[in-house]
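Listing of start.pdb; format and content: PDB, N, CA and C atoms.
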MODEL        1
ATOM      1  N   MET L   1     -48.717  39.035   3.707
ATOM      2  CA  MET L   1     -49.175  37.658   3.635
ATOM      3  C   MET L   1     -49.786  37.397   2.258
ATOM      4  N   ALA L   2     -49.484  36.239   1.712
ATOM      5  CA  ALA L   2     -50.006  35.897   0.391
ATOM      6  C   ALA L   2     -51.430  35.362   0.509
ATOM      7  N   THR L   3     -52.267  35.820  -0.375
ATOM      8  CA  THR L   3     -53.622  35.301  -0.483
ATOM      9  C   THR L   3     -53.689  34.554  -1.806
ATOM     10  N   PRO L   4     -54.730  33.769  -2.045
ATOM     11  CA  PRO L   4     -54.810  33.072  -3.334
ATOM     12  C   PRO L   4     -54.704  34.018  -4.528
ATOM     13  N   ALA L   5     -55.182  35.241  -4.382
ATOM     14  CA  ALA L   5     -55.116  36.185  -5.492
ATOM     15  C   ALA L   5     -53.769  36.879  -5.561
ATOM     16  N   ASN L   6     -53.028  36.900  -4.456
ATOM     17  CA  ASN L   6     -51.780  37.648  -4.383
ATOM     18  C   ASN L   6     -50.670  36.738  -3.867
ATOM     19  N   LEU L   7     -50.072  35.953  -4.745
ATOM     20  CA  LEU L   7     -49.007  35.030  -4.364
ATOM     21  C   LEU L   7     -47.684  35.772  -4.244
ATOM     22  N   THR L   8     -46.811  35.282  -3.383
ATOM     23  CA  THR L   8     -45.498  35.908  -3.233
ATOM     24  C   THR L   8     -44.532  35.372  -4.287
ATOM     25  N   HIS L   9     -43.627  36.242  -4.700
ATOM     26  CA  HIS L   9     -42.592  35.905  -5.669
ATOM     27  C   HIS L   9     -41.267  36.408  -5.127
ATOM     28  N   PRO L  10     -40.190  35.633  -5.265
ATOM     29  CA  PRO L  10     -38.907  36.119  -4.764
ATOM     30  C   PRO L  10     -38.409  37.317  -5.582
ATOM     31  N   GLU L  11     -37.711  38.208  -4.910
ATOM     32  CA  GLU L  11     -37.081  39.331  -5.598
ATOM     33  C   GLU L  11     -35.927  38.805  -6.442
ATOM     34  N   ARG L  12     -35.534  39.564  -7.445
ATOM     35  CA  ARG L  12     -34.439  39.154  -8.336
ATOM     36  C   ARG L  12     -33.185  38.786  -7.538
ATOM     37  N   ALA L  13     -32.834  39.603  -6.565
ATOM     38  CA  ALA L  13     -31.621  39.357  -5.774
ATOM     39  C   ALA L  13     -31.712  38.090  -4.935
ATOM     40  N   ASP L  14     -32.927  37.603  -4.703
ATOM     41  CA  ASP L  14     -33.125  36.415  -3.881
ATOM     42  C   ASP L  14     -33.212  35.123  -4.688
ATOM     43  N   LEU L  15     -33.037  35.189  -6.003
ATOM     44  CA  LEU L  15     -33.050  33.982  -6.830
ATOM     45  C   LEU L  15     -31.769  33.197  -6.570
ATOM     46  N   HIS L  16     -31.915  31.892  -6.331
ATOM     47  CA  HIS L  16     -30.763  31.035  -6.035
ATOM     48  C   HIS L  16     -30.636  29.975  -7.114
ATOM     49  N   LEU L  17     -29.424  29.800  -7.604
ATOM     50  CA  LEU L  17     -29.166  28.867  -8.694
ATOM     51  C   LEU L  17     -29.667  27.448  -8.410
ATOM     52  N   PRO L  18     -29.387  26.858  -7.254
ATOM     53  CA  PRO L  18     -29.892  25.494  -7.026
ATOM     54  C   PRO L  18     -31.420  25.392  -7.112
ATOM     55  N   SER L  19     -32.123  26.399  -6.619
ATOM     56  CA  SER L  19     -33.588  26.379  -6.680
ATOM     57  C   SER L  19     -34.085  26.477  -8.113
ATOM     58  N   VAL L  20     -33.457  27.335  -8.900
ATOM     59  CA  VAL L  20     -33.848  27.495 -10.304
ATOM     60  C   VAL L  20     -33.578  26.198 -11.069
ATOM     61  N   LEU L  21     -32.408  25.629 -10.871
ATOM     62  CA  LEU L  21     -32.082  24.381 -11.571
ATOM     63  C   LEU L  21     -32.998  23.241 -11.142
ATOM     64  N   PHE L  22     -33.324  23.171  -9.853
ATOM     65  CA  PHE L  22     -34.255  22.140  -9.389
ATOM     66  C   PHE L  22     -35.615  22.322 -10.059
ATOM     67  N   ALA L  23     -36.101  23.556 -10.101
ATOM     68  CA  ALA L  23     -37.411  23.821 -10.698
ATOM     69  C   ALA L  23     -37.456  23.403 -12.160
ATOM     70  N   LEU L  24     -36.358  23.577 -12.858
ATOM     71  CA  LEU L  24     -36.314  23.250 -14.287
ATOM     72  C   LEU L  24     -35.881  21.811 -14.552
ATOM     73  N   SER L  25     -35.616  21.040 -13.499
ATOM     74  CA  SER L  25     -35.142  19.664 -13.685
ATOM     75  C   SER L  25     -36.266  18.677 -13.983
ATOM     76  N   ASP L  26     -37.499  19.049 -13.690
ATOM     77  CA  ASP L  26     -38.642  18.181 -13.940
ATOM     78  C   ASP L  26     -39.133  18.397 -15.373
ATOM     79  N   PRO L  27     -39.371  17.339 -16.139
ATOM     80  CA  PRO L  27     -39.806  17.513 -17.535
ATOM     81  C   PRO L  27     -41.076  18.339 -17.700
ATOM     82  N   ASP L  28     -42.052  18.171 -16.826
ATOM     83  CA  ASP L  28     -43.286  18.947 -16.946
ATOM     84  C   ASP L  28     -43.046  20.425 -16.632
ATOM     85  N   ARG L  29     -42.255  20.706 -15.609
ATOM     86  CA  ARG L  29     -41.960  22.103 -15.279
ATOM     87  C   ARG L  29     -41.117  22.748 -16.381
ATOM     88  N   LEU L  30     -40.188  21.992 -16.939
ATOM     89  CA  LEU L  30     -39.367  22.496 -18.040
ATOM     90  C   LEU L  30     -40.254  22.823 -19.240
ATOM     91  N   GLU L  31     -41.217  21.965 -19.526
ATOM     92  CA  GLU L  31     -42.129  22.210 -20.654
ATOM     93  C   GLU L  31     -42.972  23.462 -20.417
ATOM     94  N   ILE L  32     -43.399  23.696 -19.200
ATOM     95  CA  ILE L  32     -44.144  24.916 -18.884
ATOM     96  C   ILE L  32     -43.275  26.137 -19.165
ATOM     97  N   ALA L  33     -42.027  26.112 -18.722
ATOM     98  CA  ALA L  33     -41.109  27.233 -18.961
ATOM     99  C   ALA L  33     -40.899  27.441 -20.458
ATOM    100  N   ARG L  34     -40.774  26.357 -21.204
ATOM    101  CA  ARG L  34     -40.608  26.480 -22.660
ATOM    102  C   ARG L  34     -41.836  27.104 -23.312
ATOM    103  N   GLN L  35     -43.015  26.730 -22.869
ATOM    104  CA  GLN L  35     -44.230  27.321 -23.423
ATOM    105  C   GLN L  35     -44.307  28.809 -23.106
ATOM    106  N   LEU L  36     -43.890  29.187 -21.908
ATOM    107  CA  LEU L  36     -43.965  30.594 -21.500
ATOM    108  C   LEU L  36     -42.906  31.459 -22.173
ATOM    109  N   ARG L  37     -41.921  30.833 -22.750
ATOM    110  CA  ARG L  37     -40.886  31.593 -23.465
ATOM    111  C   ARG L  37     -41.492  32.406 -24.606
ATOM    112  N   ALA L  38     -42.556  31.904 -25.200
ATOM    113  CA  ALA L  38     -43.214  32.597 -26.310
ATOM    114  C   ALA L  38     -44.064  33.767 -25.828
ATOM    115  N   GLY L  39     -44.338  33.836 -24.537
ATOM    116  CA  GLY L  39     -45.144  34.916 -23.982
ATOM    117  C   GLY L  39     -46.051  34.403 -22.893
ATOM    118  N   PRO L  40     -46.686  35.303 -22.157
ATOM    119  CA  PRO L  40     -47.564  34.908 -21.060
ATOM    120  C   PRO L  40     -48.722  34.025 -21.533
ATOM    121  N   LEU L  41     -49.158  33.156 -20.637
ATOM    122  CA  LEU L  41     -50.292  32.268 -20.899
ATOM    123  C   LEU L  41     -51.177  32.218 -19.667
ATOM    124  N   ASP L  42     -52.452  31.984 -19.893
ATOM    125  CA  ASP L  42     -53.323  31.666 -18.771
ATOM    126  C   ASP L  42     -52.976  30.254 -18.317
ATOM    127  N   MET L  43     -53.068  30.027 -17.033
ATOM    128  CA  MET L  43     -52.706  28.722 -16.480
ATOM    129  C   MET L  43     -53.460  27.590 -17.177
ATOM    130  N   ALA L  44     -54.700  27.831 -17.509
ATOM    131  CA  ALA L  44     -55.517  26.810 -18.175
ATOM    132  C   ALA L  44     -55.013  26.483 -19.582
ATOM    133  N   GLU L  45     -54.223  27.376 -20.195
ATOM    134  CA  GLU L  45     -53.710  27.161 -21.553
ATOM    135  C   GLU L  45     -52.432  26.336 -21.589
ATOM    136  N   CYS L  46     -51.773  26.163 -20.462
ATOM    137  CA  CYS L  46     -50.526  25.397 -20.435
ATOM    138  C   CYS L  46     -50.817  23.935 -20.701
ATOM    139  N   ALA L  47     -50.231  23.408 -21.748
ATOM    140  CA  ALA L  47     -50.426  22.006 -22.109
ATOM    141  C   ALA L  47     -49.343  21.169 -21.439
ATOM    142  N   LEU L  48     -49.749  20.099 -20.794
ATOM    143  CA  LEU L  48     -48.802  19.198 -20.150
ATOM    144  C   LEU L  48     -48.798  17.866 -20.882
ATOM    145  N   SER L  49     -47.751  17.077 -20.655
ATOM    146  CA  SER L  49     -47.623  15.796 -21.346
ATOM    147  C   SER L  49     -48.777  14.856 -21.009
ATOM    148  N   ASN L  50     -49.353  15.008 -19.819
ATOM    149  CA  ASN L  50     -50.475  14.176 -19.411
ATOM    150  C   ASN L  50     -51.703  15.063 -19.213
ATOM    151  N   PRO L  51     -52.607  15.085 -20.180
ATOM    152  CA  PRO L  51     -53.784  15.951 -20.059
ATOM    153  C   PRO L  51     -54.713  15.567 -18.907
ATOM    154  N   ASP L  52     -54.559  14.351 -18.375
ATOM    155  CA  ASP L  52     -55.386  13.896 -17.264
ATOM    156  C   ASP L  52     -54.752  14.176 -15.897
ATOM    157  N   MET L  53     -53.662  14.949 -15.901
ATOM    158  CA  MET L  53     -52.980  15.262 -14.653
ATOM    159  C   MET L  53     -53.943  15.992 -13.715
ATOM    160  N   PRO L  54     -53.987  15.596 -12.450
ATOM    161  CA  PRO L  54     -54.872  16.275 -11.508
ATOM    162  C   PRO L  54     -54.520  17.760 -11.370
ATOM    163  N   LYS L  55     -55.543  18.554 -11.127
ATOM    164  CA  LYS L  55     -55.357  19.991 -10.966
ATOM    165  C   LYS L  55     -54.379  20.292  -9.833
ATOM    166  N   SER L  56     -54.413  19.490  -8.774
ATOM    167  CA  SER L  56     -53.513  19.714  -7.644
ATOM    168  C   SER L  56     -52.051  19.515  -8.039
ATOM    169  N   THR L  57     -51.788  18.549  -8.910
ATOM    170  CA  THR L  57     -50.426  18.314  -9.381
ATOM    171  C   THR L  57     -49.964  19.469 -10.253
ATOM    172  N   LYS L  58     -50.826  19.927 -11.134
ATOM    173  CA  LYS L  58     -50.490  21.071 -11.993
ATOM    174  C   LYS L  58     -50.217  22.309 -11.132
ATOM    175  N   SER L  59     -51.018  22.522 -10.117
ATOM    176  CA  SER L  59     -50.808  23.655  -9.211
ATOM    177  C   SER L  59     -49.468  23.540  -8.497
ATOM    178  N   HIS L  60     -49.099  22.313  -8.119
ATOM    179  CA  HIS L  60     -47.809  22.119  -7.451
ATOM    180  C   HIS L  60     -46.646  22.437  -8.397
ATOM    181  N   LEU L  61     -46.772  22.032  -9.655
ATOM    182  CA  LEU L  61     -45.726  22.359 -10.638
ATOM    183  C   LEU L  61     -45.537  23.868 -10.728
ATOM    184  N   MET L  62     -46.646  24.597 -10.769
ATOM    185  CA  MET L  62     -46.591  26.062 -10.857
ATOM    186  C   MET L  62     -45.989  26.660  -9.586
ATOM    187  N   LYS L  63     -46.312  26.079  -8.455
ATOM    188  CA  LYS L  63     -45.790  26.580  -7.173
ATOM    189  C   LYS L  63     -44.268  26.452  -7.118
ATOM    190  N   VAL L  64     -43.750  25.315  -7.535
ATOM    191  CA  VAL L  64     -42.299  25.113  -7.519
ATOM    192  C   VAL L  64     -41.620  26.128  -8.436
ATOM    193  N   LEU L  65     -42.162  26.329  -9.631
ATOM    194  CA  LEU L  65     -41.595  27.305 -10.571
ATOM    195  C   LEU L  65     -41.667  28.727 -10.006
ATOM    196  N   ARG L  66     -42.786  29.071  -9.388
ATOM    197  CA  ARG L  66     -42.959  30.419  -8.826
ATOM    198  C   ARG L  66     -42.022  30.649  -7.653
ATOM    199  N   GLU L  67     -41.952  29.705  -6.728
ATOM    200  CA  GLU L  67     -41.113  29.875  -5.545
ATOM    201  C   GLU L  67     -39.630  29.932  -5.891
ATOM    202  N   ALA L  68     -39.231  29.303  -6.993
ATOM    203  CA  ALA L  68     -37.839  29.368  -7.443
ATOM    204  C   ALA L  68     -37.548  30.662  -8.194
ATOM    205  N   GLY L  69     -38.601  31.383  -8.581
ATOM    206  CA  GLY L  69     -38.420  32.623  -9.316
ATOM    207  C   GLY L  69     -38.374  32.452 -10.819
ATOM    208  N   VAL L  70     -38.783  31.282 -11.315
ATOM    209  CA  VAL L  70     -38.765  31.028 -12.758
ATOM    210  C   VAL L  70     -39.962  31.678 -13.445
ATOM    211  N   ILE L  71     -41.111  31.675 -12.772
ATOM    212  CA  ILE L  71     -42.316  32.268 -13.358
ATOM    213  C   ILE L  71     -42.961  33.243 -12.389
ATOM    214  N   ARG L  72     -43.814  34.089 -12.938
ATOM    215  CA  ARG L  72     -44.749  34.910 -12.167
ATOM    216  C   ARG L  72     -46.119  34.302 -12.369
ATOM    217  N   ASN L  73     -46.889  34.196 -11.302
ATOM    218  CA  ASN L  73     -48.225  33.623 -11.333
ATOM    219  C   ASN L  73     -49.140  34.651 -10.682
ATOM    220  N   GLU L  74     -49.881  35.382 -11.505
ATOM    221  CA  GLU L  74     -50.680  36.495 -11.010
ATOM    222  C   GLU L  74     -52.144  36.325 -11.377
ATOM    223  N   ALA L  75     -52.992  36.882 -10.520
ATOM    224  CA  ALA L  75     -54.427  36.820 -10.765
ATOM    225  C   ALA L  75     -54.756  37.534 -12.069
ATOM    226  N   ASN L  76     -55.684  36.931 -12.814
ATOM    227  CA  ASN L  76     -56.150  37.502 -14.074
ATOM    228  C   ASN L  76     -57.636  37.168 -14.185
ATOM    229  N   GLY L  77     -58.468  38.034 -13.622
ATOM    230  CA  GLY L  77     -59.893  37.735 -13.570
ATOM    231  C   GLY L  77     -60.128  36.548 -12.661
ATOM    232  N   ARG L  78     -60.804  35.528 -13.178
ATOM    233  CA  ARG L  78     -61.059  34.327 -12.381
ATOM    234  C   ARG L  78     -59.963  33.284 -12.555
ATOM    235  N   GLY L  79     -58.975  33.567 -13.392
ATOM    236  CA  GLY L  79     -57.894  32.619 -13.645
ATOM    237  C   GLY L  79     -56.561  33.133 -13.157
ATOM    238  N   ARG L  80     -55.503  32.520 -13.646
ATOM    239  CA  ARG L  80     -54.133  32.891 -13.287
ATOM    240  C   ARG L  80     -53.358  33.125 -14.575
ATOM    241  N   ARG L  81     -52.535  34.151 -14.600
ATOM    242  CA  ARG L  81     -51.688  34.480 -15.747
ATOM    243  C   ARG L  81     -50.254  34.133 -15.389
ATOM    244  N   LEU L  82     -49.602  33.331 -16.222
ATOM    245  CA  LEU L  82     -48.225  32.896 -15.998
ATOM    246  C   LEU L  82     -47.291  33.630 -16.944
ATOM    247  N   THR L  83     -46.170  34.071 -16.395
ATOM    248  CA  THR L  83     -45.161  34.780 -17.178
ATOM    249  C   THR L  83     -43.794  34.229 -16.811
ATOM    250  N   LEU L  84     -42.964  33.960 -17.797
ATOM    251  CA  LEU L  84     -41.585  33.539 -17.559
ATOM    252  C   LEU L  84     -40.773  34.750 -17.119
ATOM    253  N   ARG L  85     -40.023  34.637 -16.066
ATOM    254  CA  ARG L  85     -39.222  35.747 -15.540
ATOM    255  C   ARG L  85     -37.840  35.765 -16.209
ATOM    256  N   ALA L  86     -37.850  35.778 -17.523
ATOM    257  CA  ALA L  86     -36.612  35.705 -18.297
ATOM    258  C   ALA L  86     -35.668  36.864 -17.990
ATOM    259  N   GLU L  87     -36.204  38.065 -17.883
ATOM    260  CA  GLU L  87     -35.348  39.220 -17.623
ATOM    261  C   GLU L  87     -34.644  39.091 -16.273
ATOM    262  N   ASP L  88     -35.376  38.699 -15.254
ATOM    263  CA  ASP L  88     -34.774  38.527 -13.930
ATOM    264  C   ASP L  88     -33.751  37.400 -13.924
ATOM    265  N   LEU L  89     -34.082  36.288 -14.558
ATOM    266  CA  LEU L  89     -33.153  35.155 -14.599
ATOM    267  C   LEU L  89     -31.901  35.484 -15.401
ATOM    268  N   ASP L  90     -32.065  36.186 -16.523
ATOM    269  CA  ASP L  90     -30.905  36.552 -17.333
ATOM    270  C   ASP L  90     -30.014  37.563 -16.614
ATOM    271  N   ALA L  91     -30.610  38.455 -15.842
ATOM    272  CA  ALA L  91     -29.810  39.426 -15.090
ATOM    273  C   ALA L  91     -29.034  38.737 -13.970
ATOM    274  N   ARG L  92     -29.658  37.765 -13.351
ATOM    275  CA  ARG L  92     -29.033  37.087 -12.200
ATOM    276  C   ARG L  92     -28.065  35.996 -12.650
ATOM    277  N   PHE L  93     -28.444  35.240 -13.692
ATOM    278  CA  PHE L  93     -27.645  34.116 -14.192
ATOM    279  C   PHE L  93     -27.561  34.207 -15.716
ATOM    280  N   PRO L  94     -26.703  35.079 -16.248
ATOM    281  CA  PRO L  94     -26.653  35.313 -17.699
ATOM    282  C   PRO L  94     -26.465  34.022 -18.506
ATOM    283  N   GLY L  95     -27.344  33.831 -19.481
ATOM    284  CA  GLY L  95     -27.254  32.696 -20.396
ATOM    285  C   GLY L  95     -27.828  31.392 -19.880
ATOM    286  N   LEU L  96     -28.125  31.312 -18.605
ATOM    287  CA  LEU L  96     -28.594  30.049 -18.034
ATOM    288  C   LEU L  96     -29.932  29.616 -18.626
ATOM    289  N   LEU L  97     -30.890  30.501 -18.632
ATOM    290  CA  LEU L  97     -32.231  30.140 -19.088
ATOM    291  C   LEU L  97     -32.212  29.647 -20.534
ATOM    292  N   ALA L  98     -31.535  30.357 -21.405
ATOM    293  CA  ALA L  98     -31.450  29.937 -22.812
ATOM    294  C   ALA L  98     -30.767  28.581 -22.923
ATOM    295  N   ALA L  99     -29.692  28.375 -22.155
ATOM    296  CA  ALA L  99     -28.979  27.105 -22.220
ATOM    297  C   ALA L  99     -29.863  25.944 -21.788
ATOM    298  N   VAL L 100     -30.642  26.142 -20.733
ATOM    299  CA  VAL L 100     -31.505  25.058 -20.235
ATOM    300  C   VAL L 100     -32.677  24.826 -21.183
ATOM    301  N   LEU L 101     -33.343  25.916 -21.612
ATOM    302  CA  LEU L 101     -34.517  25.757 -22.464
ATOM    303  C   LEU L 101     -34.175  25.227 -23.852
ATOM    304  N   ASP L 102     -32.965  25.527 -24.327
ATOM    305  CA  ASP L 102     -32.556  25.099 -25.672
ATOM    306  C   ASP L 102     -31.741  23.809 -25.671
ATOM    307  N   ALA L 103     -31.508  23.213 -24.517
ATOM    308  CA  ALA L 103     -30.660  22.030 -24.428
ATOM    309  C   ALA L 103     -31.220  20.896 -25.271
ATOM    310  N   PRO L 104     -30.387  20.321 -26.146
ATOM    311  CA  PRO L 104     -30.858  19.183 -26.927
ATOM    312  C   PRO L 104     -31.044  17.968 -26.021
ATOM    313  N   GLY L 105     -32.057  17.191 -26.328
ATOM    314  CA  GLY L 105     -32.308  15.985 -25.562
ATOM    315  C   GLY L 105     -32.867  16.237 -24.177
ATOM    316  N   ALA L 106     -33.290  17.475 -23.903
ATOM    317  CA  ALA L 106     -33.807  17.785 -22.568
ATOM    318  C   ALA L 106     -35.294  17.473 -22.479
ATOM    319  N   ASP L 107     -35.869  16.889 -23.509
ATOM    320  CA  ASP L 107     -37.304  16.562 -23.510
ATOM    321  C   ASP L 107     -37.574  15.325 -22.713
TER
ENDMDL
END
Conversion result in structure tokens:
Amino acid sequence: MATPANLTHPERADLHLPSVLFALSDPDRLEIARQLRAGPLDMAECALSNPDMPKSTKSHLMKVLREAGVIRNEANGRGRRLTLRAEDLDARFPGLLAAVLDAPGAD
């Protein structure tokens, strides 16, 4: 059972293309994935287009990305550490992540 400190993440074999594409279809979620491409970030460091976005909305964005297998969201002290699951996504869907993150006009 998942606790707030120990969230569940799908295994690599359980990643599904429609879920991944849905997770990356939202501009804010796509921007989070782009930021994580440079390396892990604390959840509080992720910059969104609307700095006044409610914490609950930001948490929901992270949940959709995590449940689709796009990111890992793990406890890090009193905060959360986010990591892009690039290796898992590239193994399951070669070239997809780079194509989506680098797509022109996807902003």
**OP:** Mind checking which residues fall within 8 Å of segment 66-72 of chain L, counting all atoms listed in the file, ignoring those fewer than 5 positions away in the same chain, and posting them as an MDAnalysis selection string?
**Re:** chainID L and resid 8:12 14:16 18:24 33 60:61 80:86 88:89
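Residues in contact with Met43 of chain L at up to 10 Å, not including ones fewer than 3 positions away on its chain and judged by only C-alpha atoms, are L:Ile32, L:Pro40, L:Cys46, L:Ala47, L:Lys58, L:Ser59, L:Met62, L:Asn73, L:Glu74, L:Asn76, L:Gly79, L:Arg80, L:Arg81, L:Leu82, L:Thr83.
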What does the file look like for those residues with N, CA and C atoms, as a CSV table (one decimal), in the frame of the given file?
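What landed in part_17.csv:
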chain,number,residue,atom,x,y,z
L,32,ILE,N,-43.4,23.7,-19.2
L,32,ILE,CA,-44.1,24.9,-18.9
L,32,ILE,C,-43.3,26.1,-19.2
L,40,PRO,N,-46.7,35.3,-22.2
L,40,PRO,CA,-47.6,34.9,-21.1
L,40,PRO,C,-48.7,34.0,-21.5
L,46,CYS,N,-51.8,26.2,-20.5
L,46,CYS,CA,-50.5,25.4,-20.4
L,46,CYS,C,-50.8,23.9,-20.7
L,47,ALA,N,-50.2,23.4,-21.7
L,47,ALA,CA,-50.4,22.0,-22.1
L,47,ALA,C,-49.3,21.2,-21.4
L,58,LYS,N,-50.8,19.9,-11.1
L,58,LYS,CA,-50.5,21.1,-12.0
L,58,LYS,C,-50.2,22.3,-11.1
L,59,SER,N,-51.0,22.5,-10.1
L,59,SER,CA,-50.8,23.7,-9.2
L,59,SER,C,-49.5,23.5,-8.5
L,62,MET,N,-46.6,24.6,-10.8
L,62,MET,CA,-46.6,26.1,-10.9
L,62,MET,C,-46.0,26.7,-9.6
L,73,ASN,N,-46.9,34.2,-11.3
L,73,ASN,CA,-48.2,33.6,-11.3
L,73,ASN,C,-49.1,34.7,-10.7
L,74,GLU,N,-49.9,35.4,-11.5
L,74,GLU,CA,-50.7,36.5,-11.0
L,74,GLU,C,-52.1,36.3,-11.4
L,76,ASN,N,-55.7,36.9,-12.8
L,76,ASN,CA,-56.2,37.5,-14.1
L,76,ASN,C,-57.6,37.2,-14.2
L,79,GLY,N,-59.0,33.6,-13.4
L,79,GLY,CA,-57.9,32.6,-13.6
L,79,GLY,C,-56.6,33.1,-13.2
L,80,ARG,N,-55.5,32.5,-13.6
L,80,ARG,CA,-54.1,32.9,-13.3
L,80,ARG,C,-53.4,33.1,-14.6
L,81,ARG,N,-52.5,34.2,-14.6
L,81,ARG,CA,-51.7,34.5,-15.7
L,81,ARG,C,-50.3,34.1,-15.4
L,82,LEU,N,-49.6,33.3,-16.2
L,82,LEU,CA,-48.2,32.9,-16.0
L,82,LEU,C,-47.3,33.6,-16.9
L,83,THR,N,-46.2,34.1,-16.4
L,83,THR,CA,-45.2,34.8,-17.2
L,83,THR,C,-43.8,34.2,-16.8
**OP:** Report the residues of chain L whose backbone DSSP state falls under strand (DSSP E), written as a VMD selection string.
**Re:** chain L and resid 41 to 42 71 to 76 79 to 84
Original post:
Which of chain L counts as alpha helix (DSSP H) under DSSP, as a ChimeraX atom specification please?
Top reply: /L:17-23,27-36,55-68,86-92,96-101
Box time for segment 47-50 of chain L: axis-aligned, enclosing all its listed atoms, 6 Å extra on each side; report centre and edge lengths in Å to one decimal, as AutoDock Vina command-line options.
--center_x -49.7 --center_y 18.8 --center_z -20.7 --size_x 16.1 --size_y 21.2 --size_z 14.9
Subject >> Distance in Å - atom CA of Leu48 of chain L versus atom CA of Asp102 of chain L >> reply: 18.1 Å
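With only C-alpha atoms as the basis for measurement, L:Ser49 is the residue among L:Ser49, L:Thr57, L:Asp90, L:Pro104 that approaches Glu31 of chain L most closely.
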**OP:** Return the single residue from L:Arg92, L:Asp28, L:Leu7, L:Ala75 that is closest to Met53 of chain L, with distances computed using only C-alpha atoms.
**Re:**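 Closest residue, counting only C-alpha atoms: L:Asp28.
Interatomic distance, atom C of Glu87 of chain L against atom C of Leu36 of chain L: 12.7 Å.
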Original post:
Which value, in Å to one decimal, gives the distance between atom CA of Arg34 of chain L and atom CA of Leu101 of chain L?
Top reply: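 Between atom CA of Arg34 of chain L and atom CA of Leu101 of chain L the gap is 6.1 Å.
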